[in-house]
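Okay, start_36.cif now, which holds mmCIF, C-alpha atoms and all ligand atoms; chains and numbers go by the auth columns:
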```cif
data_structure
loop_
_atom_site.group_PDB
_atom_site.id
_atom_site.type_symbol
_atom_site.label_atom_id
_atom_site.label_comp_id
_atom_site.label_asym_id
_atom_site.label_seq_id
_atom_site.Cartn_x
_atom_site.Cartn_y
_atom_site.Cartn_z
_atom_site.B_iso_or_equiv
_atom_site.auth_seq_id
_atom_site.auth_asym_id
ATOM 1 C CA MET A 1 156.446 224.338 157.132 0.00 1 A
ATOM 2 C CA ALA A 2 153.488 225.318 154.980 0.00 2 A
ATOM 3 C CA PRO A 3 150.611 222.829 154.806 0.00 3 A
ATOM 4 C CA TYR A 4 150.273 220.444 151.900 0.00 4 A
ATOM 5 C CA ALA A 5 147.681 217.943 150.655 0.00 5 A
ATOM 6 C CA HIS A 6 149.731 215.168 149.099 0.00 6 A
ATOM 7 C CA HIS A 7 153.220 213.747 149.238 0.00 7 A
ATOM 8 C CA VAL A 8 154.506 211.862 146.210 0.00 8 A
ATOM 9 C CA PHE A 9 157.559 209.611 146.202 0.00 9 A
ATOM 10 C CA ILE A 10 159.121 208.249 143.036 0.00 10 A
ATOM 11 C CA CYS A 11 161.527 205.344 143.319 0.00 11 A
ATOM 12 C CA THR A 12 164.715 206.011 141.384 0.00 12 A
ATOM 13 C CA GLY A 13 166.310 202.677 142.223 0.00 13 A
ATOM 14 C CA SER A 14 167.887 200.879 139.300 0.00 14 A
ATOM 15 C CA TYR A 15 166.060 197.580 139.938 0.00 15 A
ATOM 16 C CA CYS A 16 162.588 198.888 139.193 0.00 16 A
ATOM 17 C CA ALA A 17 163.387 201.910 137.053 0.00 17 A
ATOM 18 C CA PRO A 18 166.375 201.264 134.794 0.00 18 A
ATOM 19 C CA GLU A 19 167.892 203.729 132.360 0.00 19 A
ATOM 20 C CA GLY A 20 167.044 206.804 134.419 0.00 20 A
ATOM 21 C CA ARG A 21 163.355 206.682 133.562 0.00 21 A
ATOM 22 C CA ALA A 22 162.303 207.622 137.106 0.00 22 A
ATOM 23 C CA ASP A 23 164.599 210.639 137.109 0.00 23 A
ATOM 24 C CA GLU A 24 162.942 211.805 133.898 0.00 24 A
ATOM 25 C CA LEU A 25 159.509 211.354 135.484 0.00 25 A
ATOM 26 C CA TYR A 26 160.590 213.332 138.531 0.00 26 A
ATOM 27 C CA GLY A 27 161.599 216.227 136.315 0.00 27 A
ATOM 28 C CA LEU A 28 158.336 215.975 134.413 0.00 28 A
ATOM 29 C CA LEU A 29 156.375 215.863 137.676 0.00 29 A
ATOM 30 C CA THR A 30 157.826 219.190 138.684 0.00 30 A
ATOM 31 C CA ARG A 31 156.513 220.735 135.478 0.00 31 A
ATOM 32 C CA LEU A 32 153.136 218.982 135.518 0.00 32 A
ATOM 33 C CA LEU A 33 152.337 220.077 139.058 0.00 33 A
ATOM 34 C CA GLY A 34 152.481 223.751 138.137 0.00 34 A
ATOM 35 C CA ASP A 35 150.512 225.665 140.751 0.00 35 A
ATOM 36 C CA LEU A 36 150.187 222.508 142.868 0.00 36 A
ATOM 37 C CA GLY A 37 153.905 222.737 143.537 0.00 37 A
ATOM 38 C CA ARG A 38 153.794 226.307 144.824 0.00 38 A
ATOM 39 C CA TYR A 39 154.971 226.572 148.439 0.00 39 A
ATOM 40 C CA ASP A 40 152.144 228.909 149.455 0.00 40 A
ATOM 41 C CA ASN A 41 149.402 226.733 147.963 0.00 41 A
ATOM 42 C CA PRO A 42 147.560 225.044 150.885 0.00 42 A
ATOM 43 C CA VAL A 43 146.768 222.034 148.681 0.00 43 A
ATOM 44 C CA ARG A 44 150.267 221.805 147.296 0.00 44 A
ATOM 45 C CA VAL A 45 151.967 218.527 146.471 0.00 45 A
ATOM 46 C CA LYS A 46 155.328 217.782 148.033 0.00 46 A
ATOM 47 C CA ARG A 47 157.476 215.526 145.921 0.00 47 A
ATOM 48 C CA GLY A 48 160.538 213.466 146.547 0.00 48 A
ATOM 49 C CA ILE A 49 162.640 210.595 145.340 0.00 49 A
ATOM 50 C CA THR A 50 163.603 207.466 147.201 0.00 50 A
ATOM 51 C CA PRO A 51 166.262 204.853 146.387 0.00 51 A
ATOM 52 C CA CYS A 52 163.891 201.934 147.029 0.00 52 A
ATOM 53 C CA LEU A 53 160.287 201.250 148.025 0.00 53 A
ATOM 54 C CA GLY A 54 160.907 197.565 148.689 0.00 54 A
ATOM 55 C CA VAL A 55 159.127 196.303 145.576 0.00 55 A
ATOM 56 C CA CYS A 56 161.983 196.356 143.045 0.00 56 A
ATOM 57 C CA THR A 57 160.034 195.313 139.962 0.00 57 A
ATOM 58 C CA GLY A 58 157.406 196.725 137.635 0.00 58 A
ATOM 59 C CA GLY A 59 158.621 200.285 137.763 0.00 59 A
ATOM 60 C CA PRO A 60 158.852 203.050 137.550 0.00 60 A
ATOM 61 C CA LEU A 61 156.959 203.106 140.867 0.00 61 A
ATOM 62 C CA LEU A 62 155.260 206.042 142.504 0.00 62 A
ATOM 63 C CA VAL A 63 153.345 206.282 145.790 0.00 63 A
ATOM 64 C CA VAL A 64 150.899 208.980 146.870 0.00 64 A
ATOM 65 C CA TYR A 65 150.258 209.805 150.530 0.00 65 A
ATOM 66 C CA PRO A 66 148.227 210.274 152.663 0.00 66 A
ATOM 67 C CA GLU A 67 146.025 207.832 150.703 0.00 67 A
ATOM 68 C CA GLY A 68 148.791 205.247 150.416 0.00 68 A
ATOM 69 C CA VAL A 69 148.072 204.529 146.760 0.00 69 A
ATOM 70 C CA TRP A 70 150.889 202.753 144.948 0.00 70 A
ATOM 71 C CA TYR A 71 151.297 202.993 141.179 0.00 71 A
ATOM 72 C CA HIS A 72 153.450 200.853 138.906 0.00 72 A
ATOM 73 C CA LYS A 73 154.512 200.944 135.255 0.00 73 A
ATOM 74 C CA VAL A 74 154.319 204.727 135.367 0.00 74 A
ATOM 75 C CA ASP A 75 155.219 206.374 132.096 0.00 75 A
ATOM 76 C CA GLU A 76 154.686 209.937 130.928 0.00 76 A
ATOM 77 C CA ALA A 77 151.031 209.357 130.010 0.00 77 A
ATOM 78 C CA ALA A 78 150.332 207.695 133.360 0.00 78 A
ATOM 79 C CA LEU A 79 152.017 210.499 135.257 0.00 79 A
ATOM 80 C CA LYS A 80 149.875 213.083 133.477 0.00 80 A
ATOM 81 C CA ARG A 81 146.751 211.168 134.473 0.00 81 A
ATOM 82 C CA ILE A 82 147.925 210.786 138.077 0.00 82 A
ATOM 83 C CA VAL A 83 148.514 214.525 138.352 0.00 83 A
ATOM 84 C CA ASN A 84 145.236 215.527 136.712 0.00 84 A
ATOM 85 C CA GLU A 85 142.885 212.828 137.999 0.00 85 A
ATOM 86 C CA HIS A 86 144.331 211.949 141.400 0.00 86 A
ATOM 87 C CA LEU A 87 146.260 214.966 142.651 0.00 87 A
ATOM 88 C CA ARG A 88 143.996 217.645 141.151 0.00 88 A
ATOM 89 C CA ASN A 89 140.606 215.917 141.269 0.00 89 A
ATOM 90 C CA GLY A 90 140.992 213.317 144.019 0.00 90 A
ATOM 91 C CA VAL A 91 140.245 210.288 141.845 0.00 91 A
ATOM 92 C CA PRO A 92 143.024 207.658 141.866 0.00 92 A
ATOM 93 C CA VAL A 93 143.933 206.196 138.468 0.00 93 A
ATOM 94 C CA GLU A 94 142.867 202.566 138.817 0.00 94 A
ATOM 95 C CA ASP A 95 144.638 201.462 135.612 0.00 95 A
ATOM 96 C CA TYR A 96 148.056 201.806 137.275 0.00 96 A
ATOM 97 C CA ILE A 97 147.342 200.949 140.936 0.00 97 A
ATOM 98 C CA PHE A 98 148.899 197.724 142.226 0.00 98 A
ATOM 99 C CA HIS A 99 148.653 198.256 146.015 0.00 99 A
ATOM 100 C CA ARG A 100 146.743 200.312 148.571 0.00 100 A
ATOM 101 C CA LEU A 101 147.599 200.751 152.236 0.00 101 A
ATOM 102 C CA THR A 102 143.902 201.148 152.999 0.00 102 A
ATOM 103 C CA PRO A 103 140.863 199.907 151.070 0.00 103 A
ATOM 104 C CA ALA A 104 139.443 202.129 148.349 0.00 104 A
ATOM 105 C CA PRO A 105 136.618 204.340 149.730 0.00 105 A
ATOM 106 C CA ASP A 106 133.927 202.462 147.777 0.00 106 A
ATOM 107 C CA ALA A 107 135.375 198.960 148.410 0.00 107 A
HETATM 108 S S1 LIG B . 164.448 199.714 143.403 0.00 201 A
HETATM 109 FE FE1 LIG B . 162.470 200.592 143.215 0.00 201 A
HETATM 110 S S2 LIG B . 161.332 199.544 144.721 0.00 201 A
HETATM 111 FE FE2 LIG B . 163.339 198.797 145.028 0.00 201 A
#
```
Kindly present the structure from the file in structure tokens form.
Amino acid sequence: MAPYAHHVFICTGSYCAPEGRADELYGLLTRLLGDLGRYDNPVRVKRGITPCLGVCTGGPLLVVYPEGVWYHKVDEAALKRIVNEHLRNGVPVEDYIFHRLTPAPDA
């Protein structure tokens, strides 16, 4: 498998993301990633969906690894910021973070 820099999971479970909103975001993510989604890009972003992240409220939810940054209430505008600020420039979008697996670097 080719190397990659980030792995993004979007929860498509109906408890936190009703009305197919997460599926729409997943489709949009594919387009927003552009070159970051290319298989031969060493800093590419792998993406995937999951039926549940164990939170089940406040969605749509999205988690970015390896940082372990969890986002909630993700809409189209938030997703654009996450792609541009976090995945492209390495700066997590604090406005939508509700959980971190490890403390923020400057905490
Ligand atoms: S349904 Fe999304 S976290 Fe459980």
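Evaluating the PyMOL selection byres (((chain A and resi 51) around 12) and not hetatm) against the shown model yields Phe9, Ile10, Cys11, Thr12, Gly13, Ser14, Tyr15, Cys16, Ala17, Ala22, Asp23, Gly48, Ile49, Thr50, Cys52, Leu53, Gly54, Val55, Cys56, Pro60, Leu61 and Leu62 of chain A.
A straight line drawn from CA of Ala77 in chain A to CA of Leu28 in chain A is 10.8 Å long.
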Please provide as a count of residues only all residues within 7 Å of Glu76 in chain A, with the sequence filter that same-chain residues fewer than 3 positions apart are discarded (counting all atoms listed in the file).
-> 3
Which neighbours of His6 in chain A fall inside 7 Å, counting all atoms listed in the file, when residues of the same chain fewer than 6 positions from it are skipped, and could you give them as a VMD selection string?
-> chain A and resid 44 to 46 64 to 66
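The space between CA of Glu24 in chain A and CA of His72 in chain A spans 15.3 Å.
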Ligand LIG 201 (chain A): axis-aligned bounding box, 4 Å on each side, centre and edge lengths in Å, one decimal, as JSON:
```
{"center_x": 162.9, "center_y": 199.7, "center_z": 144.1, "size_x": 11.1, "size_y": 9.8, "size_z": 9.8}
```
Close residues, Val69 in chain A itself excluded, 9 Å, all atoms listed in the file, min 5 positions apart in chain, as a VMD selection string | chain A and resid 62 to 64 92 97 to 102
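Coordinates place CA of Asp95 in chain A at a distance of 17.1 Å from CA of Thr57 in chain A.
Put simply, the PyMOL selection byres (((chain A and resi 81) around 12) and not hetatm) on this file hits Leu29, Leu32, Leu33, Tyr71, Val74, Asp75, Glu76, Ala77, Ala78, Leu79, Lys80, Ile82, Val83, Asn84, Glu85, His86, Leu87, Arg88, Asn89, Gly90, Val91, Pro92, Val93, Glu94, Asp95 and Tyr96 of chain A.
Using all atoms listed in the file, the shortest contact distance between His7 in chain A and any of A:Arg21, A:Asp35, A:Gly68, A:Gly58 is found at A:Gly68.
Considering the residues A:Pro42, A:Ala2, A:Lys73, A:Gly34 and counting all atoms listed in the file, ligand LIG 201 (chain A) has its shortest atom-to-atom contact with A:Lys73.
The closest residue to Pro3 in chain A, picked from A:Gly27, A:Val43, A:Pro18, A:Trp70 and counting all atoms listed in the file, is A:Val43.
For the residues A:Asp106, A:Arg47, A:Tyr4, A:Gly20, ranking by smallest atom-to-atom distance to ligand LIG 201 (chain A) using only C-alpha atoms and all ligand atoms places A:Gly20 first.
When all atoms listed in the file are used to measure the gap to ligand LIG 201 (chain A), the shortest distance among A:Met1, A:Val8, A:Arg31, A:Gly59 belongs to A:Gly59.
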